[in-house]
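Chemist: Dropping in entry_0.cif, which is mmCIF, C-alpha atoms:
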```cif
data_coords
loop_
_atom_site.label_atom_id
_atom_site.label_comp_id
_atom_site.auth_asym_id
_atom_site.auth_seq_id
_atom_site.Cartn_x
_atom_site.Cartn_y
_atom_site.Cartn_z
CA MET G 1 -12.59 1.01 -16.40
CA ARG G 2 -9.52 2.02 -14.44
CA GLN G 3 -6.17 0.78 -15.65
CA PHE G 4 -2.66 0.93 -14.27
CA LEU G 5 0.46 0.33 -16.33
CA ILE G 6 3.48 -0.31 -14.12
CA VAL G 7 7.00 -0.55 -15.50
CA GLY G 8 9.23 -3.01 -13.66
CA HIS G 9 12.69 -2.05 -14.86
CA ASP G 10 14.65 -4.72 -13.02
CA ALA G 11 11.85 -7.28 -12.87
CA PRO G 12 12.69 -10.84 -13.89
CA THR G 13 11.81 -12.15 -17.34
CA THR G 14 12.23 -15.80 -16.41
CA PRO G 15 10.66 -17.71 -13.49
CA GLU G 16 13.99 -18.67 -11.91
CA PHE G 17 13.74 -16.50 -8.83
CA SER G 18 13.04 -17.24 -5.19
CA LEU G 19 9.87 -16.10 -3.48
CA ASP G 20 12.03 -15.62 -0.36
CA ASP G 21 13.96 -12.76 -1.98
CA ILE G 22 11.55 -10.79 -4.15
CA ALA G 23 12.86 -7.43 -2.92
CA GLY G 24 16.44 -8.44 -3.73
CA GLY G 25 17.25 -11.16 -6.21
CA ALA G 26 13.95 -10.73 -8.06
CA GLY G 27 14.64 -7.11 -9.04
CA ARG G 28 12.26 -5.38 -6.64
CA LEU G 29 9.32 -7.44 -7.74
CA ASP G 30 7.84 -6.47 -4.36
CA VAL G 31 6.99 -3.05 -5.79
CA LEU G 32 4.99 -4.52 -8.65
CA CYS G 33 3.24 -6.93 -6.28
CA ARG G 34 2.07 -4.10 -4.04
CA CYS G 35 0.88 -2.14 -7.08
CA VAL G 36 -1.25 -5.11 -8.13
CA THR G 37 -2.83 -5.59 -4.72
CA SER G 38 -3.35 -1.84 -4.23
CA ALA G 39 -5.14 -1.74 -7.57
CA PHE G 40 -7.58 -4.53 -6.80
CA PHE G 41 -8.34 -4.88 -3.12
CA LEU G 42 -11.22 -3.36 -1.27
CA SER G 43 -11.86 -4.41 2.29
CA HIS G 44 -14.26 -7.22 1.45
CA SER G 45 -14.01 -7.62 -2.31
CA ILE G 46 -11.89 -6.81 -5.32
CA ARG G 47 -12.47 -4.01 -7.79
CA GLU G 48 -13.75 -5.80 -10.88
CA SER G 49 -13.52 -2.90 -13.30
CA VAL G 50 -9.74 -2.66 -13.05
CA ARG G 51 -6.86 -3.93 -15.13
CA VAL G 52 -3.19 -3.88 -14.19
CA HIS G 53 -0.45 -4.26 -16.77
CA ALA G 54 2.95 -5.10 -15.28
CA VAL G 55 5.84 -4.67 -17.69
CA LEU G 56 8.65 -7.06 -16.83
CA GLY G 57 12.09 -6.01 -18.05
CA ASP G 58 10.61 -4.41 -21.20
CA GLU G 59 10.12 -7.89 -22.61
CA PHE G 60 6.82 -9.20 -21.25
CA THR G 61 3.64 -7.62 -19.94
CA VAL G 62 1.49 -9.50 -17.44
CA ARG G 63 -2.13 -8.41 -17.35
CA PHE G 64 -4.42 -8.82 -14.34
CA ASP G 65 -8.10 -8.42 -15.22
CA GLY G 66 -10.44 -7.79 -12.29
CA ARG G 67 -13.46 -9.28 -14.07
CA THR G 68 -12.00 -12.77 -14.14
CA LEU G 69 -9.22 -12.58 -11.58
CA ARG G 70 -8.97 -15.40 -9.02
CA ARG G 71 -6.38 -16.53 -6.48
CA LEU G 72 -5.14 -13.01 -5.70
CA ASN G 73 -4.25 -12.47 -2.05
CA PRO G 74 -3.18 -9.21 -0.41
CA ASP G 75 0.38 -10.20 0.44
CA GLU G 76 3.46 -9.68 -1.75
CA ARG G 77 4.65 -13.25 -1.79
CA SER G 78 1.50 -14.83 -3.21
CA THR G 79 1.25 -12.10 -5.84
CA ALA G 80 4.87 -12.75 -6.80
CA ALA G 81 3.89 -16.40 -7.20
CA LEU G 82 1.20 -15.39 -9.72
CA LEU G 83 3.80 -13.39 -11.67
CA ARG G 84 6.18 -16.33 -11.57
CA THR G 85 3.49 -18.66 -12.87
CA ALA G 86 2.83 -16.19 -15.68
CA LEU G 87 6.52 -16.27 -16.60
CA GLU G 88 6.37 -20.07 -16.66
CA HIS G 89 3.87 -19.66 -19.51
CA ARG G 90 5.98 -17.16 -21.45
CA ALA G 91 6.81 -19.65 -24.21
CA ASP G 92 3.08 -19.82 -25.01
CA ALA G 93 2.94 -16.05 -25.61
CA ILE G 94 3.75 -15.85 -29.31
CA GLY G 95 3.71 -12.55 -31.15
CA HIS G 96 1.26 -10.35 -29.28
CA VAL G 97 -1.10 -13.24 -28.52
CA PRO G 98 -1.63 -13.63 -24.77
CA ALA G 99 -1.22 -16.82 -22.77
CA GLU G 100 -3.39 -17.31 -19.69
CA SER G 101 -1.42 -18.56 -16.70
CA SER G 102 -4.14 -18.47 -14.03
CA PRO G 103 -7.71 -17.14 -13.99
CA GLY G 104 -7.61 -13.48 -14.99
CA VAL G 105 -3.82 -13.40 -15.46
CA THR G 106 -2.26 -13.39 -18.93
CA ILE G 107 1.22 -12.83 -20.26
CA ARG G 108 2.07 -11.07 -23.51
CA ARG G 109 5.38 -10.73 -25.30
CA MET G 110 5.20 -6.94 -25.30
CA GLY G 111 7.42 -4.28 -23.79
CA PHE G 112 6.46 -0.82 -22.56
CA ALA G 113 6.11 0.90 -25.95
CA ALA G 114 3.85 -1.73 -27.49
CA THR G 115 1.71 -2.04 -24.36
CA LEU G 116 1.28 1.72 -24.01
CA GLU G 117 0.38 2.10 -27.68
CA ASP G 118 -2.12 -0.73 -27.46
CA LEU G 119 -3.85 0.63 -24.35
CA ALA G 120 -3.80 4.31 -25.28
CA THR G 121 -6.42 3.87 -28.01
CA ASP G 122 -9.22 3.19 -25.51
CA ALA G 123 -8.11 5.10 -22.44
CA THR G 124 -7.31 8.54 -21.10
CA VAL G 125 -3.57 8.27 -20.55
CA VAL G 126 -2.58 9.93 -17.28
CA ALA G 127 1.03 10.71 -16.48
CA LEU G 128 1.80 11.46 -12.85
CA HIS G 129 4.33 14.23 -12.59
CA GLU G 130 5.63 16.65 -10.00
CA ASP G 131 4.74 19.53 -12.32
CA GLY G 132 1.31 18.16 -13.20
CA ASP G 133 -2.00 19.76 -12.33
CA PRO G 134 -3.14 19.04 -8.76
CA ALA G 135 -5.57 16.17 -9.12
CA VAL G 136 -7.98 17.64 -6.58
CA ALA G 137 -8.53 20.59 -8.93
CA VAL G 138 -9.25 18.45 -11.99
CA ASP G 139 -12.36 16.40 -12.75
CA PRO G 140 -11.40 12.73 -12.83
CA PRO G 141 -10.89 11.49 -16.38
CA SER G 142 -13.05 8.75 -17.81
CA ASP G 143 -11.43 5.38 -18.38
CA PRO G 144 -8.05 6.50 -17.03
CA LEU G 145 -4.83 4.66 -17.64
CA PHE G 146 -2.30 5.67 -14.98
CA VAL G 147 1.26 5.02 -16.09
CA LEU G 148 3.74 4.45 -13.28
CA SER G 149 7.31 3.38 -12.79
CA ASP G 150 8.67 1.09 -10.07
CA HIS G 151 11.51 2.16 -7.77
CA ARG G 152 13.43 3.61 -10.73
CA ASP G 153 12.63 6.70 -12.77
CA PHE G 154 11.35 6.25 -16.29
CA THR G 155 14.16 6.04 -18.82
CA ASP G 156 14.49 8.97 -21.24
CA ARG G 157 12.88 6.88 -23.97
CA GLU G 158 9.99 5.85 -21.74
CA SER G 159 9.49 9.45 -20.64
CA SER G 160 9.32 10.58 -24.27
CA LEU G 161 6.82 7.88 -25.18
CA LEU G 162 4.69 8.72 -22.16
CA ALA G 163 4.82 12.47 -22.83
CA ALA G 164 3.66 11.86 -26.39
CA ALA G 165 0.83 9.55 -25.33
CA ALA G 166 -0.37 11.42 -22.24
CA ASP G 167 -3.77 13.07 -22.33
CA GLU G 168 -3.38 14.50 -18.86
CA ARG G 169 -0.53 15.25 -16.51
CA LEU G 170 -1.55 15.15 -12.88
CA ARG G 171 -0.05 15.44 -9.45
CA LEU G 172 -1.76 13.48 -6.70
CA GLY G 173 -0.39 15.59 -3.86
CA PRO G 174 2.56 17.63 -2.70
CA GLU G 175 4.60 14.57 -1.78
CA VAL G 176 6.20 12.17 -4.25
CA LEU G 177 4.97 8.68 -3.45
CA HIS G 178 5.94 5.11 -4.10
CA ALA G 179 4.11 3.63 -7.08
CA ASP G 180 1.84 1.40 -5.00
CA HIS G 181 0.83 4.30 -2.77
CA ALA G 182 0.11 6.38 -5.86
CA VAL G 183 -2.23 3.62 -7.06
CA THR G 184 -4.13 3.79 -3.76
CA VAL G 185 -4.39 7.58 -3.86
CA ALA G 186 -5.46 7.51 -7.51
CA HIS G 187 -8.31 5.16 -6.62
CA ASN G 188 -9.38 7.41 -3.76
CA TYR G 189 -9.26 10.41 -6.10
CA LEU G 190 -11.57 8.60 -8.50
CA ASP G 191 -13.75 7.16 -5.72
CA THR G 192 -14.42 10.51 -4.10
CA ASP G 193 -15.51 12.31 -7.24
CA GLY G 194 -18.74 13.96 -6.21
CA TYR G 195 -17.87 13.21 -2.62
CA THR G 196 -20.77 15.15 -1.20
CA ALA G 197 -23.01 12.28 -2.24
CA TYR G 198 -21.37 9.58 -0.19
CA MET W 1 2.95 14.57 14.38
CA ARG W 2 0.88 11.93 12.64
CA GLN W 3 0.33 8.66 14.44
CA PHE W 4 -1.24 5.37 13.47
CA LEU W 5 -2.36 2.72 15.93
CA ILE W 6 -2.92 -0.62 14.23
CA VAL W 7 -4.44 -3.59 16.03
CA GLY W 8 -3.07 -6.96 14.92
CA HIS W 9 -5.62 -9.38 16.33
CA ASP W 10 -3.93 -12.59 15.23
CA ALA W 11 -0.39 -11.24 15.23
CA PRO W 12 2.26 -13.33 16.96
CA THR W 13 3.42 -12.49 20.49
CA THR W 14 6.58 -14.61 20.28
CA PRO W 15 9.31 -14.56 17.62
CA GLU W 16 8.82 -18.21 16.62
CA PHE W 17 7.37 -17.61 13.16
CA SER W 18 8.74 -17.98 9.68
CA LEU W 19 9.37 -14.99 7.43
CA ASP W 20 8.31 -17.27 4.55
CA ASP W 21 4.73 -17.46 5.83
CA ILE W 22 3.86 -14.09 7.32
CA ALA W 23 0.42 -14.03 5.66
CA GLY W 24 -0.41 -17.48 7.03
CA GLY W 25 1.38 -18.91 10.05
CA ALA W 26 2.26 -15.46 11.41
CA GLY W 27 -1.36 -14.35 11.77
CA ARG W 28 -1.54 -11.95 8.85
CA LEU W 29 1.48 -10.02 9.97
CA ASP W 30 1.68 -8.91 6.31
CA VAL W 31 -1.13 -6.42 6.99
CA LEU W 32 0.76 -4.77 9.84
CA CYS W 33 3.94 -4.68 7.76
CA ARG W 34 2.23 -2.85 4.93
CA CYS W 35 0.69 -0.41 7.40
CA VAL W 36 4.16 0.39 8.73
CA THR W 37 5.69 0.98 5.31
CA SER W 38 2.67 2.96 4.09
CA ALA W 39 3.00 5.19 7.12
CA PHE W 40 6.67 6.02 6.61
CA PHE W 41 7.74 5.85 2.99
CA LEU W 42 7.91 8.72 0.58
CA SER W 43 9.55 8.18 -2.77
CA HIS W 44 13.01 9.24 -1.71
CA SER W 45 12.83 9.52 2.07
CA ILE W 46 10.79 8.57 5.08
CA ARG W 47 8.32 10.74 6.93
CA GLU W 48 10.12 11.66 10.12
CA SER W 49 7.17 13.15 11.98
CA VAL W 50 5.27 9.87 12.11
CA ARG W 51 4.85 7.14 14.70
CA VAL W 52 3.26 3.76 14.20
CA HIS W 53 2.06 1.64 17.11
CA ALA W 54 1.44 -1.99 16.18
CA VAL W 55 -0.52 -3.92 18.78
CA LEU W 56 0.42 -7.60 18.70
CA GLY W 57 -2.21 -9.96 20.08
CA ASP W 58 -3.31 -7.39 22.71
CA GLU W 59 -0.17 -8.20 24.67
CA PHE W 60 2.63 -6.08 23.20
CA THR W 61 2.82 -2.84 21.27
CA VAL W 62 5.74 -2.20 18.93
CA ARG W 63 6.42 1.46 18.23
CA PHE W 64 8.18 2.75 15.11
CA ASP W 65 9.38 6.35 15.47
CA GLY W 66 10.23 8.15 12.22
CA ARG W 67 12.70 10.50 13.89
CA THR W 68 15.11 7.71 14.78
CA LEU W 69 13.98 4.87 12.55
CA ARG W 70 16.64 2.97 10.59
CA ARG W 71 16.75 -0.28 8.60
CA LEU W 72 13.18 0.01 7.36
CA ASN W 73 12.71 -1.22 3.80
CA PRO W 74 9.53 -1.06 1.72
CA ASP W 75 8.89 -4.80 1.47
CA GLU W 76 6.79 -6.88 3.86
CA ARG W 77 9.40 -9.48 4.69
CA SER W 78 12.06 -7.10 6.01
CA THR W 79 9.46 -5.23 8.05
CA ALA W 80 8.30 -8.54 9.52
CA ALA W 81 11.92 -9.17 10.46
CA LEU W 82 11.96 -5.89 12.43
CA LEU W 83 8.81 -6.97 14.26
CA ARG W 84 10.33 -10.37 14.97
CA THR W 85 13.45 -8.73 16.37
CA ALA W 86 11.24 -6.59 18.58
CA LEU W 87 9.55 -9.72 19.91
CA GLU W 88 12.96 -11.22 20.65
CA HIS W 89 13.41 -8.29 23.08
CA ARG W 90 10.02 -8.75 24.76
CA ALA W 91 11.53 -10.02 28.00
CA ASP W 92 13.29 -6.66 28.38
CA ALA W 93 9.96 -4.81 28.27
CA ILE W 94 9.00 -4.75 31.92
CA GLY W 95 5.91 -2.97 33.13
CA HIS W 96 5.27 -0.19 30.63
CA VAL W 97 8.98 0.52 30.14
CA PRO W 98 9.98 0.13 26.48
CA ALA W 99 12.83 -1.97 25.16
CA GLU W 100 14.60 -0.82 22.00
CA SER W 101 15.16 -3.66 19.54
CA SER W 102 16.62 -1.71 16.59
CA PRO W 103 17.05 2.02 15.90
CA GLY W 104 13.66 3.67 16.19
CA VAL W 105 11.82 0.46 17.10
CA THR W 106 10.71 -0.28 20.67
CA ILE W 107 8.49 -2.88 22.26
CA ARG W 108 6.18 -2.28 25.21
CA ARG W 109 4.17 -4.73 27.26
CA MET W 110 0.90 -2.94 26.54
CA GLY W 111 -2.28 -4.04 24.83
CA PHE W 112 -4.76 -1.93 22.91
CA ALA W 113 -6.51 -0.28 25.87
CA ALA W 114 -3.33 0.88 27.60
CA THR W 115 -1.73 2.07 24.36
CA LEU W 116 -4.82 4.00 23.30
CA GLU W 117 -5.17 5.62 26.70
CA ASP W 118 -1.50 6.58 26.72
CA LEU W 119 -1.57 8.13 23.25
CA ALA W 120 -4.95 9.83 23.49
CA THR W 121 -3.70 12.46 25.92
CA ASP W 122 -1.54 14.19 23.30
CA ALA W 123 -3.38 13.47 20.06
CA THR W 124 -6.63 13.99 18.22
CA VAL W 125 -8.02 10.47 18.16
CA VAL W 126 -9.56 9.71 14.78
CA ALA W 127 -11.80 6.70 14.26
CA LEU W 128 -12.40 5.69 10.66
CA HIS W 129 -15.98 4.60 10.21
CA GLU W 130 -18.43 4.02 7.38
CA ASP W 131 -20.83 6.46 9.01
CA GLY W 132 -18.15 9.06 9.73
CA ASP W 133 -17.96 12.52 8.21
CA PRO W 134 -16.41 12.57 4.72
CA ALA W 135 -12.80 13.55 5.33
CA VAL W 136 -12.73 15.87 2.34
CA ALA W 137 -15.37 18.03 4.00
CA VAL W 138 -13.49 18.29 7.30
CA ASP W 139 -10.38 20.30 8.07
CA PRO W 140 -7.56 17.91 8.92
CA PRO W 141 -7.09 17.56 12.65
CA SER W 142 -3.85 18.57 14.31
CA ASP W 143 -1.66 15.78 15.68
CA PRO W 144 -4.03 13.05 14.54
CA LEU W 145 -3.92 9.49 15.82
CA PHE W 146 -5.67 7.21 13.33
CA VAL W 147 -6.83 3.98 14.94
CA LEU W 148 -7.14 1.04 12.58
CA SER W 149 -7.75 -2.66 12.68
CA ASP W 150 -6.03 -5.34 10.62
CA HIS W 151 -8.00 -7.82 8.50
CA ARG W 152 -10.49 -8.34 11.34
CA ASP W 153 -13.09 -5.95 12.68
CA PHE W 154 -12.52 -4.37 16.05
CA THR W 155 -13.90 -6.48 18.88
CA ASP W 156 -16.89 -5.07 20.76
CA ARG W 157 -14.63 -4.05 23.61
CA GLU W 158 -12.17 -2.33 21.30
CA SER W 159 -15.00 -0.54 19.52
CA SER W 160 -16.33 0.73 22.83
CA LEU W 161 -12.91 1.97 23.94
CA LEU W 162 -12.36 3.67 20.59
CA ALA W 163 -15.79 5.27 20.57
CA ALA W 164 -15.14 6.68 24.04
CA ALA W 165 -11.69 8.02 23.09
CA ALA W 166 -12.45 9.31 19.59
CA ASP W 167 -12.38 13.05 19.01
CA GLU W 168 -13.43 12.68 15.37
CA ARG W 169 -15.13 10.03 13.29
CA LEU W 170 -14.15 10.25 9.64
CA ARG W 171 -14.70 8.42 6.41
CA LEU W 172 -11.87 8.58 3.87
CA GLY W 173 -14.03 7.76 0.88
CA PRO W 174 -17.05 5.82 -0.30
CA GLU W 175 -15.17 2.51 -0.41
CA VAL W 176 -14.06 0.52 2.63
CA LEU W 177 -10.32 -0.04 2.35
CA HIS W 178 -7.67 -2.32 3.76
CA ALA W 179 -5.88 -0.78 6.73
CA ASP W 180 -2.64 -0.12 4.83
CA HIS W 181 -4.50 1.62 2.02
CA ALA W 182 -6.36 3.71 4.58
CA VAL W 183 -3.00 4.82 5.98
CA THR W 184 -1.92 5.96 2.52
CA VAL W 185 -5.16 7.84 1.89
CA ALA W 186 -5.02 9.43 5.35
CA HIS W 187 -1.55 10.77 4.58
CA ASN W 188 -2.73 12.17 1.27
CA TYR W 189 -5.71 13.78 3.00
CA LEU W 190 -3.33 15.49 5.42
CA ASP W 191 -0.76 16.28 2.72
CA THR W 192 -3.24 18.03 0.46
CA ASP W 193 -4.70 20.32 3.10
CA GLY W 194 -4.58 23.70 1.43
CA TYR W 195 -3.89 21.94 -1.85
CA THR W 196 -4.10 25.08 -3.95
CA ALA W 197 -0.67 26.02 -2.60
CA TYR W 198 1.18 23.01 -3.90
#
```
I need this file expressed as structure tokens, please.

Modeler:
Amino acid sequence: MRQFLIVGHDAPTTPEFSLDDIAGGAGRLDVLCRCVTSAFFLSHSIRESVRVHAVLGDEFTVRFDGRTLRRLNPDERSTAALLRTALEHRADAIGHVPAESSPGVTIRRMGFAATLEDLATDATVVALHEDGDPAVAVDPPSDPLFVLSDHRDFTDRESSLLAAAADERLRLGPEVLHADHAVTVAHNYLDTDGYTAY
Amino acid sequence: MRQFLIVGHDAPTTPEFSLDDIAGGAGRLDVLCRCVTSAFFLSHSIRESVRVHAVLGDEFTVRFDGRTLRRLNPDERSTAALLRTALEHRADAIGHVPAESSPGVTIRRMGFAATLEDLATDATVVALHEDGDPAVAVDPPSDPLFVLSDHRDFTDRESSLLAAAADERLRLGPEVLHADHAVTVAHNYLDTDGYTAY
């Protein structure tokens, strides 16, 4: 399984935001939306063996699970609507117990630290870093969890937690990319392992 | 220079569409918008040596030129607004003479065939195809022009024109991707040429 943990620093934690202003009033929710669609969409299907964990304001984490996911469309606005629906169910997320808001989408009352700790037990935690090893020179890890930040850098605390949890530190290329583009390149990196066979 | 020619088959040819419905009423303009932003954005800057040519309904082509481009934001809605502004200037595009609608954005009264013919003279035309050579096994072409389609396949006529113009036929990976994701992977393919140096 491939997993992506995306930290939305300014993302809303309540559903009172307009779908007409997701790049402004909704705290750059557009970045998270593109990360979700980049993680799942192939040309004619979705990648089933993928999970995305979107941390909203360090208070909630919304999980998208490719095995059961429905109603996902490639555009930002409809994905923002799925996140808003998840936030409408936030009162049902008690402790760390998830609440399902639509097929394949659940919300948990967990911030970055708790989500990372929970996921790290079953995954190879991959930090993307300018000083990391070039991905093309490293065999793709099994069951990777790529940890990414939105339009902001990780906070010092988040960076420390990630450094402690990371199994690998990779660089996807010489350019520093937006998070959603990094998701796309990460998939291609994993897809083309053993490329001579395709 | 890297160039991307994207064919928007159902894209509007007049500015009478709502920014609230770009994935529906505006003929999947969301796909073209994501192609534009994928082509230009790096984390903290835009790629200046890039041009995107968005064919709208085989009637107009809107060109984004990275050297002079301003007011581009990463979200779909604001990019759709730039395309709508370009269409508001369509009456000024007479013959093949471009009309500038905002800094770095021009509209031309040219469909796919004329645009491809015009661009092919100075570029290495790259067709992405399932039966193409794996990109990772091919040295990146100089001055590539990647020709892509939106959510629809190329028409038979477009496929014939592209086959006749193509200098290379590549495959970016074993999976068939959305056009905007292909743009991102194409950039990474070009970025990582000689990857051991980065």

Chemist: For chain W, which residues have at least one atom within 7 Å of chain G, if we go by all atoms listed in the file? Write them as a VMD selection string, please.

Modeler: chain W and resid 20 23 30 42 to 43 75 173 to 174 176 to 178 181 184 to 185 188 191 to 192 198

Chemist: Using the chain letters and numbers from the file, which residues does the PyMOL selection byres ((chain G and resi 98-106) around 10) grab, as number ranges by chain?

Modeler: G: 51-53, 61-72, 82-97, 107-110

Chemist: What's the 7 Å shell around W:Met1, counting all atoms listed in the file, without same-chain residues fewer than 4 positions away, as a PyMOL selection string?

Modeler: chain W and resi 49-50+143

Chemist: Spell out the residues picked by the PyMOL selection byres ((chain G and resi 6) around 7) here, as a ChimeraX atom specification.

Modeler: /G:4-5,7-8,53-55,147-150

Chemist: Set the distance at 9 Å and use only C-alpha atoms: which residues neighbour W:Leu116 once local chain neighbours fewer than 2 positions away are removed? I'd like the list as a list in words.

Modeler: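 My list of contacting residues is Leu5, Gly111, Phe112, Ala113, Ala114, Asp118, Leu119, Ala120, Thr121, Val125, Val147, Leu161, Leu162 and Ala165 of chain W.
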
Chemist: Provide the atom CA of G:Glu48 to atom CA of G:Leu145 distance in Å, to one decimal place.

Modeler: 15.3 Å

Chemist: One decimal, Å: what's the distance from atom CA of G:Pro140 over to atom CA of G:Phe40, could you say?

Modeler: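 Calculated distance between atom CA of G:Pro140 and atom CA of G:Phe40 is 18.7 Å.
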
Chemist: Could you tell me which of W:Gln3, W:Thr13, W:Thr79, W:Ser142 comes closest to W:Thr37 if we count all atoms listed in the file?

Modeler: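 Nearest candidate to W:Thr37 out of W:Gln3, W:Thr13, W:Thr79, W:Ser142: W:Thr79.
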
Chemist: What does the distance from atom CA of G:Gly25 to atom CA of G:Ala11 come to in Å, to one decimal?

Modeler: 9.4 Å

Chemist: List the residues sitting within 7 Å of (-12.6, 11.6, 19.5) in the file's frame, using only C-alpha atoms, as a PyMOL selection string.

Modeler: chain W and resi 124-126+165-169

Chemist: Taking C-alpha atoms for each residue, export the selection above as a short mmCIF file (atom, residue, chain, number, x, y, z; two decimals), in the frame of the given file.

Modeler:
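This went into part-v5.cif:
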```cif
data_model
loop_
_atom_site.label_atom_id
_atom_site.label_comp_id
_atom_site.auth_asym_id
_atom_site.auth_seq_id
_atom_site.Cartn_x
_atom_site.Cartn_y
_atom_site.Cartn_z
CA THR W 124 -6.63 13.99 18.22
CA VAL W 125 -8.02 10.47 18.16
CA VAL W 126 -9.56 9.71 14.78
CA ALA W 165 -11.69 8.02 23.09
CA ALA W 166 -12.45 9.31 19.59
CA ASP W 167 -12.38 13.05 19.01
CA GLU W 168 -13.43 12.68 15.37
CA ARG W 169 -15.13 10.03 13.29
#
```

Chemist: Which residue out of W:Ala26, W:Phe60, W:Cys35, W:Arg2 has the minimum interatomic distance to W:Pro144 when only C-alpha atoms are used?

Modeler: W:Arg2

Chemist: Could you add the missing atoms to stretch 174-192 of chain W, up to N, CA and C atoms, and return them as a compact mmCIF listing (two decimals), keeping the file's coordinate frame?

Modeler:
```txt
# COMPACT_ATOMS: atom_id res chain seq x y z
N PRO W 174 -15.85 6.66 -0.26
CA PRO W 174 -17.05 5.82 -0.30
C PRO W 174 -16.76 4.33 -0.22
N GLU W 175 -15.51 3.92 -0.46
CA GLU W 175 -15.17 2.51 -0.41
C GLU W 175 -14.50 2.18 0.92
N VAL W 176 -14.73 0.98 1.41
CA VAL W 176 -14.06 0.52 2.63
C VAL W 176 -12.75 -0.14 2.23
N LEU W 177 -11.66 0.34 2.80
CA LEU W 177 -10.32 -0.04 2.35
C LEU W 177 -9.61 -0.94 3.35
N HIS W 178 -8.59 -1.63 2.86
CA HIS W 178 -7.67 -2.32 3.76
C HIS W 178 -6.96 -1.28 4.62
N ALA W 179 -6.49 -1.71 5.78
CA ALA W 179 -5.88 -0.78 6.73
C ALA W 179 -4.68 -0.05 6.11
N ASP W 180 -3.83 -0.77 5.39
CA ASP W 180 -2.64 -0.12 4.83
C ASP W 180 -3.01 0.91 3.77
N HIS W 181 -4.06 0.63 3.01
CA HIS W 181 -4.50 1.62 2.02
C HIS W 181 -5.12 2.84 2.70
N ALA W 182 -5.80 2.59 3.82
CA ALA W 182 -6.36 3.71 4.58
C ALA W 182 -5.25 4.61 5.12
N VAL W 183 -4.14 4.02 5.52
CA VAL W 183 -3.00 4.82 5.98
C VAL W 183 -2.51 5.73 4.86
N THR W 184 -2.39 5.17 3.67
CA THR W 184 -1.92 5.96 2.52
C THR W 184 -2.88 7.10 2.20
N VAL W 185 -4.17 6.80 2.20
CA VAL W 185 -5.16 7.84 1.89
C VAL W 185 -5.19 8.89 2.99
N ALA W 186 -5.04 8.47 4.24
CA ALA W 186 -5.02 9.43 5.35
C ALA W 186 -3.85 10.41 5.19
N HIS W 187 -2.70 9.88 4.82
CA HIS W 187 -1.55 10.77 4.58
C HIS W 187 -1.86 11.76 3.46
N ASN W 188 -2.43 11.28 2.39
CA ASN W 188 -2.73 12.17 1.27
C ASN W 188 -3.75 13.24 1.67
N TYR W 189 -4.71 12.84 2.48
CA TYR W 189 -5.71 13.78 3.00
C TYR W 189 -5.02 14.88 3.80
N LEU W 190 -4.06 14.49 4.62
CA LEU W 190 -3.33 15.49 5.42
C LEU W 190 -2.36 16.28 4.54
N ASP W 191 -1.73 15.60 3.60
CA ASP W 191 -0.76 16.28 2.72
C ASP W 191 -1.41 17.39 1.89
N THR W 192 -2.63 17.13 1.43
CA THR W 192 -3.24 18.03 0.46
C THR W 192 -4.07 19.12 1.11
```
